[in-house]
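Q: My structure is in protein-v4.json, and what it holds is JSON, C-alpha atoms:
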[["chain", "number", "residue", "atom", "x", "y", "z"],
["M", 226, "MET", "CA", -29.84, 27.72, -87.59],
["M", 227, "ARG", "CA", -31.25, 31.20, -87.08],
["M", 228, "ASN", "CA", -34.71, 31.19, -85.61],
["M", 229, "GLN", "CA", -37.39, 33.29, -83.99],
["M", 230, "VAL", "CA", -38.06, 31.01, -81.03],
["M", 231, "ARG", "CA", -36.74, 33.40, -78.38],
["M", 232, "ALA", "CA", -38.53, 36.37, -79.90],
["M", 233, "LEU", "CA", -41.85, 34.54, -80.10],
["M", 234, "ARG", "CA", -41.48, 33.05, -76.63],
["M", 235, "THR", "CA", -40.71, 36.35, -74.92],
["M", 236, "GLN", "CA", -43.44, 38.04, -76.94],
["M", 237, "ARG", "CA", -45.90, 35.67, -75.28],
["M", 238, "GLY", "CA", -44.34, 36.06, -71.86],
["M", 239, "LEU", "CA", -43.31, 32.42, -71.61],
["M", 240, "ALA", "CA", -40.38, 31.07, -69.64],
["M", 241, "GLN", "CA", -38.07, 28.56, -71.33],
["M", 242, "GLY", "CA", -39.30, 25.89, -68.90],
["M", 243, "GLN", "CA", -42.93, 26.51, -69.82],
["M", 244, "LEU", "CA", -42.20, 26.18, -73.53],
["M", 245, "ALA", "CA", -40.09, 23.10, -72.83],
["M", 246, "ASP", "CA", -42.97, 21.48, -70.93],
["M", 247, "ALA", "CA", -45.37, 22.30, -73.75],
["M", 248, "MET", "CA", -43.01, 20.74, -76.30],
["M", 249, "GLY", "CA", -42.07, 17.73, -74.15],
["M", 250, "VAL", "CA", -38.35, 18.54, -74.17],
["M", 251, "SER", "CA", -35.89, 19.84, -71.60],
["M", 252, "ARG", "CA", -35.38, 23.51, -70.83],
["M", 253, "GLN", "CA", -31.77, 23.12, -71.99],
["M", 254, "THR", "CA", -32.97, 22.01, -75.40],
["M", 255, "ILE", "CA", -35.08, 25.15, -75.80],
["M", 256, "ASN", "CA", -32.09, 27.21, -74.66],
["M", 257, "SER", "CA", -29.83, 25.47, -77.20],
["M", 258, "ILE", "CA", -32.32, 26.08, -80.01],
["M", 259, "GLU", "CA", -32.63, 29.76, -79.08],
["M", 260, "ASN", "CA", -28.85, 30.12, -79.02],
["M", 261, "GLU", "CA", -28.58, 28.36, -82.39],
["M", 262, "ARG", "CA", -26.44, 25.59, -80.95],
["M", 263, "TYR", "CA", -28.98, 22.89, -81.75],
["M", 264, "THR", "CA", -31.13, 22.43, -84.83],
["M", 265, "PRO", "CA", -34.39, 20.73, -83.82],
["M", 266, "SER", "CA", -35.79, 17.71, -85.60],
["M", 267, "LEU", "CA", -38.52, 18.24, -88.16],
["M", 268, "PRO", "CA", -41.30, 17.08, -85.76],
["M", 269, "LEU", "CA", -40.11, 19.49, -83.05],
["M", 270, "ALA", "CA", -39.72, 22.34, -85.54],
["M", 271, "ILE", "CA", -43.27, 21.76, -86.76],
["M", 272, "ALA", "CA", -44.56, 21.50, -83.19],
["M", 273, "LEU", "CA", -42.90, 24.82, -82.32],
["M", 274, "ALA", "CA", -44.31, 26.50, -85.41],
["M", 275, "ARG", "CA", -47.77, 25.14, -84.63],
["M", 276, "TYR", "CA", -47.53, 26.25, -81.03],
["M", 277, "PHE", "CA", -46.75, 29.82, -82.06],
["M", 278, "SER", "CA", -49.11, 29.68, -85.06],
["M", 279, "VAL", "CA", -46.47, 30.70, -87.58],
["M", 280, "PRO", "CA", -45.17, 28.90, -90.69],
["M", 281, "VAL", "CA", -42.04, 26.80, -90.11],
["M", 282, "GLU", "CA", -40.05, 28.76, -92.69],
["M", 283, "GLU", "CA", -40.89, 31.94, -90.84],
["M", 284, "MET", "CA", -39.66, 30.52, -87.58],
["M", 285, "PHE", "CA", -36.46, 28.95, -88.94],
["M", 286, "ASP", "CA", -34.15, 30.61, -91.44],
["M", 287, "ASP", "CA", -31.89, 28.15, -93.23],
["M", 288, "GLN", "CA", -30.40, 30.92, -95.39],
["M", 289, "GLY", "CA", -28.73, 32.50, -92.40],
["M", 290, "ALA", "CA", -27.46, 29.20, -90.94],
["X", 131, "MET", "CA", -47.04, -1.89, -75.87],
["X", 132, "ILE", "CA", -43.91, -3.72, -74.71],
["X", 133, "LYS", "CA", -41.80, -0.88, -76.12],
["X", 134, "GLU", "CA", -43.89, 1.72, -74.29],
["X", 135, "ARG", "CA", -43.66, -0.24, -71.07],
["X", 136, "SER", "CA", -39.90, -0.67, -71.34],
["X", 137, "GLN", "CA", -39.52, 3.04, -72.10],
["X", 138, "ALA", "CA", -41.63, 3.87, -69.05],
["X", 139, "ILE", "CA", -39.40, 1.66, -66.90],
["X", 140, "MET", "CA", -36.24, 3.26, -68.30],
["X", 141, "ARG", "CA", -37.66, 6.72, -67.63],
["X", 142, "SER", "CA", -38.21, 5.90, -63.98],
["X", 143, "LYS", "CA", -35.78, 7.61, -61.62],
["X", 144, "TRP", "CA", -35.17, 4.19, -60.06],
["X", 145, "PHE", "CA", -33.94, 2.58, -63.29],
["X", 146, "MET", "CA", -30.31, 3.74, -63.19],
["X", 147, "PRO", "CA", -29.84, 3.05, -59.44],
["X", 148, "ALA", "CA", -31.43, -0.40, -59.89],
["X", 149, "PHE", "CA", -29.25, -1.07, -62.95],
["X", 150, "CYS", "CA", -26.10, -0.05, -61.04],
["X", 151, "LEU", "CA", -27.09, -2.22, -58.09],
["X", 152, "GLY", "CA", -27.87, -5.17, -60.39],
["X", 153, "LEU", "CA", -24.52, -4.80, -62.15],
["X", 154, "GLY", "CA", -22.81, -4.61, -58.77],
["X", 155, "GLY", "CA", -24.56, -7.85, -57.81],
["X", 156, "VAL", "CA", -23.28, -9.52, -61.01],
["X", 157, "VAL", "CA", -19.74, -8.28, -60.26],
["X", 158, "LEU", "CA", -20.04, -9.68, -56.74],
["X", 159, "LEU", "CA", -21.24, -13.05, -58.06],
["X", 160, "ALA", "CA", -18.48, -13.25, -60.70],
["X", 161, "SER", "CA", -15.81, -12.28, -58.16],
["X", 162, "TRP", "CA", -17.16, -14.80, -55.66],
["X", 163, "LEU", "CA", -17.05, -17.54, -58.31],
["X", 164, "GLY", "CA", -13.46, -16.49, -59.08],
["X", 165, "GLY", "CA", -12.52, -16.71, -55.41],
["X", 166, "GLN", "CA", -12.10, -12.96, -55.00],
["X", 167, "LEU", "CA", -14.97, -12.07, -52.71],
["X", 168, "GLY", "CA", -13.22, -8.93, -51.41],
["X", 169, "ASN", "CA", -12.95, -7.44, -54.91],
["X", 170, "GLY", "CA", -16.59, -8.32, -55.52],
["X", 171, "VAL", "CA", -17.75, -6.53, -52.39],
["X", 172, "PHE", "CA", -15.66, -3.51, -53.41],
["X", 173, "GLY", "CA", -17.25, -3.60, -56.88],
["X", 174, "LEU", "CA", -20.74, -3.78, -55.38],
["X", 175, "VAL", "CA", -20.02, -0.82, -53.08],
["X", 176, "VAL", "CA", -18.69, 1.25, -55.99],
["X", 177, "MET", "CA", -21.71, 0.44, -58.17],
["X", 178, "ALA", "CA", -24.10, 1.14, -55.28],
["X", 179, "ALA", "CA", -22.38, 4.51, -54.80],
["X", 180, "PHE", "CA", -22.87, 5.27, -58.51],
["X", 181, "GLY", "CA", -26.53, 4.34, -58.19],
["X", 182, "LEU", "CA", -26.95, 6.58, -55.16],
["X", 183, "PHE", "CA", -25.18, 9.39, -57.02],
["X", 184, "PHE", "CA", -27.60, 9.12, -59.95],
["X", 185, "LEU", "CA", -30.57, 9.00, -57.60],
["X", 186, "LEU", "CA", -29.51, 12.09, -55.66],
["X", 187, "VAL", "CA", -28.20, 14.17, -58.56],
["X", 188, "SER", "CA", -30.98, 13.44, -61.06],
["X", 189, "GLY", "CA", -33.36, 15.50, -58.93],
["X", 190, "ARG", "CA", -31.10, 18.54, -59.16],
["X", 191, "SER", "CA", -29.21, 18.25, -62.43],
["X", 192, "GLU", "CA", -31.12, 18.66, -65.66],
["X", 193, "THR", "CA", -28.17, 17.20, -67.57],
["X", 194, "VAL", "CA", -28.04, 13.99, -65.53],
["X", 195, "ARG", "CA", -31.82, 13.72, -65.69],
["X", 196, "GLY", "CA", -31.68, 14.23, -69.44],
["X", 197, "LEU", "CA", -29.04, 11.57, -69.92],
["X", 198, "THR", "CA", -30.70, 9.02, -67.64],
["X", 199, "THR", "CA", -34.44, 9.26, -67.14],
["X", 200, "ASN", "CA", -35.85, 12.02, -69.30],
["X", 201, "ARG", "CA", -34.20, 11.89, -72.71],
["X", 202, "ASP", "CA", -35.48, 14.30, -75.28],
["X", 203, "GLU", "CA", -34.29, 14.38, -78.90],
["X", 204, "ARG", "CA", -31.25, 16.57, -78.12],
["X", 205, "PHE", "CA", -30.06, 14.25, -75.38],
["X", 206, "VAL", "CA", -30.55, 11.29, -77.72],
["X", 207, "GLN", "CA", -28.27, 13.08, -80.21],
["X", 208, "ILE", "CA", -25.74, 13.80, -77.46],
["X", 209, "ASP", "CA", -25.87, 10.15, -76.39],
["X", 210, "LEU", "CA", -25.29, 8.98, -79.97],
["X", 211, "LYS", "CA", -22.33, 11.32, -80.45],
["X", 212, "ALA", "CA", -20.83, 10.34, -77.09],
["X", 213, "THR", "CA", -21.29, 6.65, -77.94],
["X", 214, "GLY", "CA", -19.55, 7.27, -81.27],
["X", 215, "VAL", "CA", -16.60, 8.98, -79.58],
["X", 216, "ALA", "CA", -16.35, 6.21, -76.98],
["X", 217, "GLY", "CA", -16.48, 3.55, -79.73],
["X", 218, "LEU", "CA", -13.81, 5.33, -81.76],
["X", 219, "THR", "CA", -11.59, 5.64, -78.69],
["X", 220, "LEU", "CA", -12.08, 1.96, -77.90],
["X", 221, "ILE", "CA", -11.36, 0.73, -81.43],
["X", 222, "THR", "CA", -8.27, 2.97, -81.68],
["X", 223, "THR", "CA", -7.00, 1.57, -78.38],
["X", 224, "LEU", "CA", -7.67, -1.98, -79.60],
["X", 225, "ILE", "CA", -5.77, -1.42, -82.85],
["X", 226, "VAL", "CA", -2.78, 0.10, -81.01],
["X", 227, "ALA", "CA", -2.77, -2.75, -78.46],
["X", 228, "TRP", "CA", -3.05, -5.30, -81.28],
["X", 229, "LEU", "CA", -0.07, -3.76, -83.11],
["X", 230, "VAL", "CA", 1.97, -3.68, -79.89],
["X", 231, "GLU", "CA", 1.22, -7.36, -79.28],
["X", 232, "ILE", "CA", 2.23, -8.27, -82.84],
["X", 233, "ALA", "CA", 5.45, -6.25, -82.51],
["X", 234, "ARG", "CA", 6.22, -8.22, -79.35],
["X", 235, "GLY", "CA", 6.03, -11.44, -81.32],
["X", 236, "HIS", "CA", 2.60, -12.54, -80.04],
["X", 237, "ASP", "CA", -0.44, -13.42, -82.15],
["X", 238, "GLY", "CA", -2.37, -10.29, -81.16],
["X", 239, "SER", "CA", -5.01, -12.05, -79.05],
["X", 240, "PRO", "CA", -7.40, -11.05, -77.63],
["X", 241, "TYR", "CA", -7.19, -7.65, -79.32],
["X", 242, "SER", "CA", -7.49, -9.14, -82.82],
["X", 243, "TRP", "CA", -10.76, -10.84, -81.84],
["X", 244, "LEU", "CA", -12.13, -7.78, -80.12],
["X", 245, "GLY", "CA", -11.22, -5.62, -83.11],
["X", 246, "ALA", "CA", -12.85, -8.12, -85.46],
["X", 247, "ILE", "CA", -16.04, -8.15, -83.37],
["X", 248, "GLY", "CA", -16.09, -4.35, -83.37],
["X", 249, "GLY", "CA", -15.54, -4.10, -87.12],
["X", 250, "LEU", "CA", -18.07, -6.81, -87.93],
["X", 251, "SER", "CA", -20.75, -5.39, -85.66],
["X", 252, "TYR", "CA", -20.23, -1.96, -87.24],
["X", 253, "ALA", "CA", -20.59, -3.38, -90.76],
["X", 254, "LEU", "CA", -23.70, -5.33, -89.77],
["X", 255, "ALA", "CA", -25.22, -2.28, -88.08],
["X", 256, "VAL", "CA", -24.61, -0.15, -91.20],
["X", 257, "ALA", "CA", -26.19, -2.84, -93.40],
["X", 258, "PHE", "CA", -29.17, -3.18, -91.05],
["X", 259, "PHE", "CA", -29.88, 0.54, -90.78],
["X", 260, "ARG", "CA", -29.39, 0.99, -94.53],
["X", 261, "TRP", "CA", -31.90, -1.80, -95.16],
["X", 262, "ARG", "CA", -34.31, -0.37, -92.60],
["X", 263, "GLY", "CA", -34.11, 2.98, -94.31]]
The structure given in the file should be rewritten as structure tokens.

A:
Amino acid sequence: MRNQVRALRTQRGLAQGQLADAMGVSRQTINSIENERYTPSLPLAIALARYFSVPVEEMFDDQGA
Amino acid sequence: MIKERSQAIMRSKWFMPAFCLGLGGVVLLASWLGGQLGNGVFGLVVMAAFGLFFLLVSGRSETVRGLTTNRDERFVQIDLKATGVAGLTLITTLIVAWLVEIARGHDGSPYSWLGAIGGLSYALAVAFFRWRG
């Protein structure tokens, strides 16, 4: 699923590992989400959206999946 | 609380090595009871080596760490898929072995029983998880 995770993360100057620690997942999971190889669960998607203070539908684009 | 405690134990880096060592001990005991102490010692050494491997590699490999001590939701998904593939491989092997045994004029044991256990446990698991929602 297309998403803005990488864009938002780099915008804030965060490393994948830092975001992973904040979300309680592995760095590989963040990498997989950014590369659209893994679609996160609803709780993780909401946590990511909350972390970056953006709506979930703005962060994840199911139309372009 | 029990669930949290058991999860904490399983997340410890010592869980997999201890599990391997424990399994090796069981193999040693079973082999000793069967009068094959040499095979048991070999089994224990192999399992201890696996345990040591997990202990040493989990500090360096994020993948091994993810699959053993620090499972996040993606690794849980990977584990489920891998378990599914392993189960499918096993049941396919059982069916082929069962057919070969029947074609040889035997009754298909023990493959028929193992296949039946696999099929029944699958049906029960589907019913349980459907009921649980």

Q: One number please: CA of Gly155 in chain X to CA of Gly170 in chain X, in Å, one decimal.

A: 8.3 Å

Q: Which residues come within 9 Å of Glu259 in chain M, counting all atoms listed in the file, excluding same-chain residues fewer than 3 positions away, as a list of chain:residue names?

A: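 Listed by chain and then number, they are M:Arg227, M:Asn228, M:Gln229, M:Val230, M:Arg231, M:Ala232, M:Thr254, M:Ile255, M:Asn256, M:Arg262, M:Tyr263.
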
Q: Compile the contact shell of range 177-190 of chain X as a PyMOL selection string: residues with an atom at most 9 Å away, counting all atoms listed in the file, same-chain residues fewer than 2 positions apart removed.

A: chain X and resi 143-144+146-155+172-175+192-196+198-199

Q: Taking all atoms listed in the file into account, find every residue of chain M that has an atom no more than 10 Å from chain X, and write it out as an MDAnalysis selection string.

A: chainID M and resid 248:255 257:258 263:266 269

Q: May I have the residues from that selection written out with C-alpha atoms, as a PDB file, in the coordinates of the input?

A:
ATOM      1  CA  MET M 248     -43.010  20.740 -76.300  1.00  0.00           C
ATOM      2  CA  GLY M 249     -42.070  17.730 -74.150  1.00  0.00           C
ATOM      3  CA  VAL M 250     -38.350  18.540 -74.170  1.00  0.00           C
ATOM      4  CA  SER M 251     -35.890  19.840 -71.600  1.00  0.00           C
ATOM      5  CA  ARG M 252     -35.380  23.510 -70.830  1.00  0.00           C
ATOM      6  CA  GLN M 253     -31.770  23.120 -71.990  1.00  0.00           C
ATOM      7  CA  THR M 254     -32.970  22.010 -75.400  1.00  0.00           C
ATOM      8  CA  ILE M 255     -35.080  25.150 -75.800  1.00  0.00           C
ATOM      9  CA  SER M 257     -29.830  25.470 -77.200  1.00  0.00           C
ATOM     10  CA  ILE M 258     -32.320  26.080 -80.010  1.00  0.00           C
ATOM     11  CA  TYR M 263     -28.980  22.890 -81.750  1.00  0.00           C
ATOM     12  CA  THR M 264     -31.130  22.430 -84.830  1.00  0.00           C
ATOM     13  CA  PRO M 265     -34.390  20.730 -83.820  1.00  0.00           C
ATOM     14  CA  SER M 266     -35.790  17.710 -85.600  1.00  0.00           C
ATOM     15  CA  LEU M 269     -40.110  19.490 -83.050  1.00  0.00           C
TER      16      LEU M 269
END

Q: As an exercise, work out the distance from CA of Gly245 in chain X to CA of Leu224 in chain X in Å and give it to one decimal place.

A: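 Between CA of Gly245 in chain X and CA of Leu224 in chain X the gap is 6.2 Å.
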
Q: One decimal, in Å: what's the spacing between CA of Phe277 in chain M and CA of Gly238 in chain M?

A: 12.2 Å

Q: Would you fill the gaps in range 244-261 of chain M so it has N, CA and C atoms, then print it as a short mmCIF file (atom, residue, chain, number, x, y, z; two decimals), in the coordinates of the input?

A:
data_model
loop_
_atom_site.label_atom_id
_atom_site.label_comp_id
_atom_site.auth_asym_id
_atom_site.auth_seq_id
_atom_site.Cartn_x
_atom_site.Cartn_y
_atom_site.Cartn_z
N LEU M 244 -42.20 26.61 -72.13
CA LEU M 244 -42.20 26.18 -73.53
C LEU M 244 -41.68 24.74 -73.63
N ALA M 245 -40.66 24.46 -72.83
CA ALA M 245 -40.09 23.10 -72.83
C ALA M 245 -41.15 22.07 -72.43
N ASP M 246 -41.91 22.39 -71.39
CA ASP M 246 -42.97 21.48 -70.93
C ASP M 246 -44.02 21.28 -72.03
N ALA M 247 -44.35 22.38 -72.70
CA ALA M 247 -45.37 22.30 -73.75
C ALA M 247 -44.88 21.45 -74.93
N MET M 248 -43.56 21.47 -75.16
CA MET M 248 -43.01 20.74 -76.30
C MET M 248 -42.55 19.33 -75.92
N GLY M 249 -42.52 19.05 -74.61
CA GLY M 249 -42.07 17.73 -74.15
C GLY M 249 -40.57 17.53 -74.28
N VAL M 250 -39.82 18.64 -74.15
CA VAL M 250 -38.35 18.54 -74.17
C VAL M 250 -37.80 19.24 -72.94
N SER M 251 -36.48 19.19 -72.77
CA SER M 251 -35.89 19.84 -71.60
C SER M 251 -35.73 21.34 -71.83
N ARG M 252 -35.59 22.07 -70.73
CA ARG M 252 -35.38 23.51 -70.83
C ARG M 252 -34.07 23.81 -71.56
N GLN M 253 -33.07 22.93 -71.34
CA GLN M 253 -31.77 23.12 -71.99
C GLN M 253 -31.89 23.02 -73.51
N THR M 254 -32.79 22.17 -73.96
CA THR M 254 -32.97 22.01 -75.40
C THR M 254 -33.54 23.29 -76.01
N ILE M 255 -34.53 23.86 -75.33
CA ILE M 255 -35.08 25.15 -75.80
C ILE M 255 -33.99 26.21 -75.80
N ASN M 256 -33.19 26.24 -74.76
CA ASN M 256 -32.09 27.21 -74.66
C ASN M 256 -31.10 27.02 -75.81
N SER M 257 -30.78 25.76 -76.12
CA SER M 257 -29.83 25.47 -77.20
C SER M 257 -30.39 25.88 -78.56
N ILE M 258 -31.70 25.67 -78.74
CA ILE M 258 -32.32 26.08 -80.01
C ILE M 258 -32.26 27.61 -80.14
N GLU M 259 -32.62 28.29 -79.05
CA GLU M 259 -32.63 29.76 -79.08
C GLU M 259 -31.23 30.33 -79.34
N ASN M 260 -30.23 29.65 -78.83
CA ASN M 260 -28.85 30.12 -79.02
C ASN M 260 -28.20 29.55 -80.28
N GLU M 261 -29.01 28.89 -81.09
CA GLU M 261 -28.58 28.36 -82.39
C GLU M 261 -27.46 27.33 -82.27
#
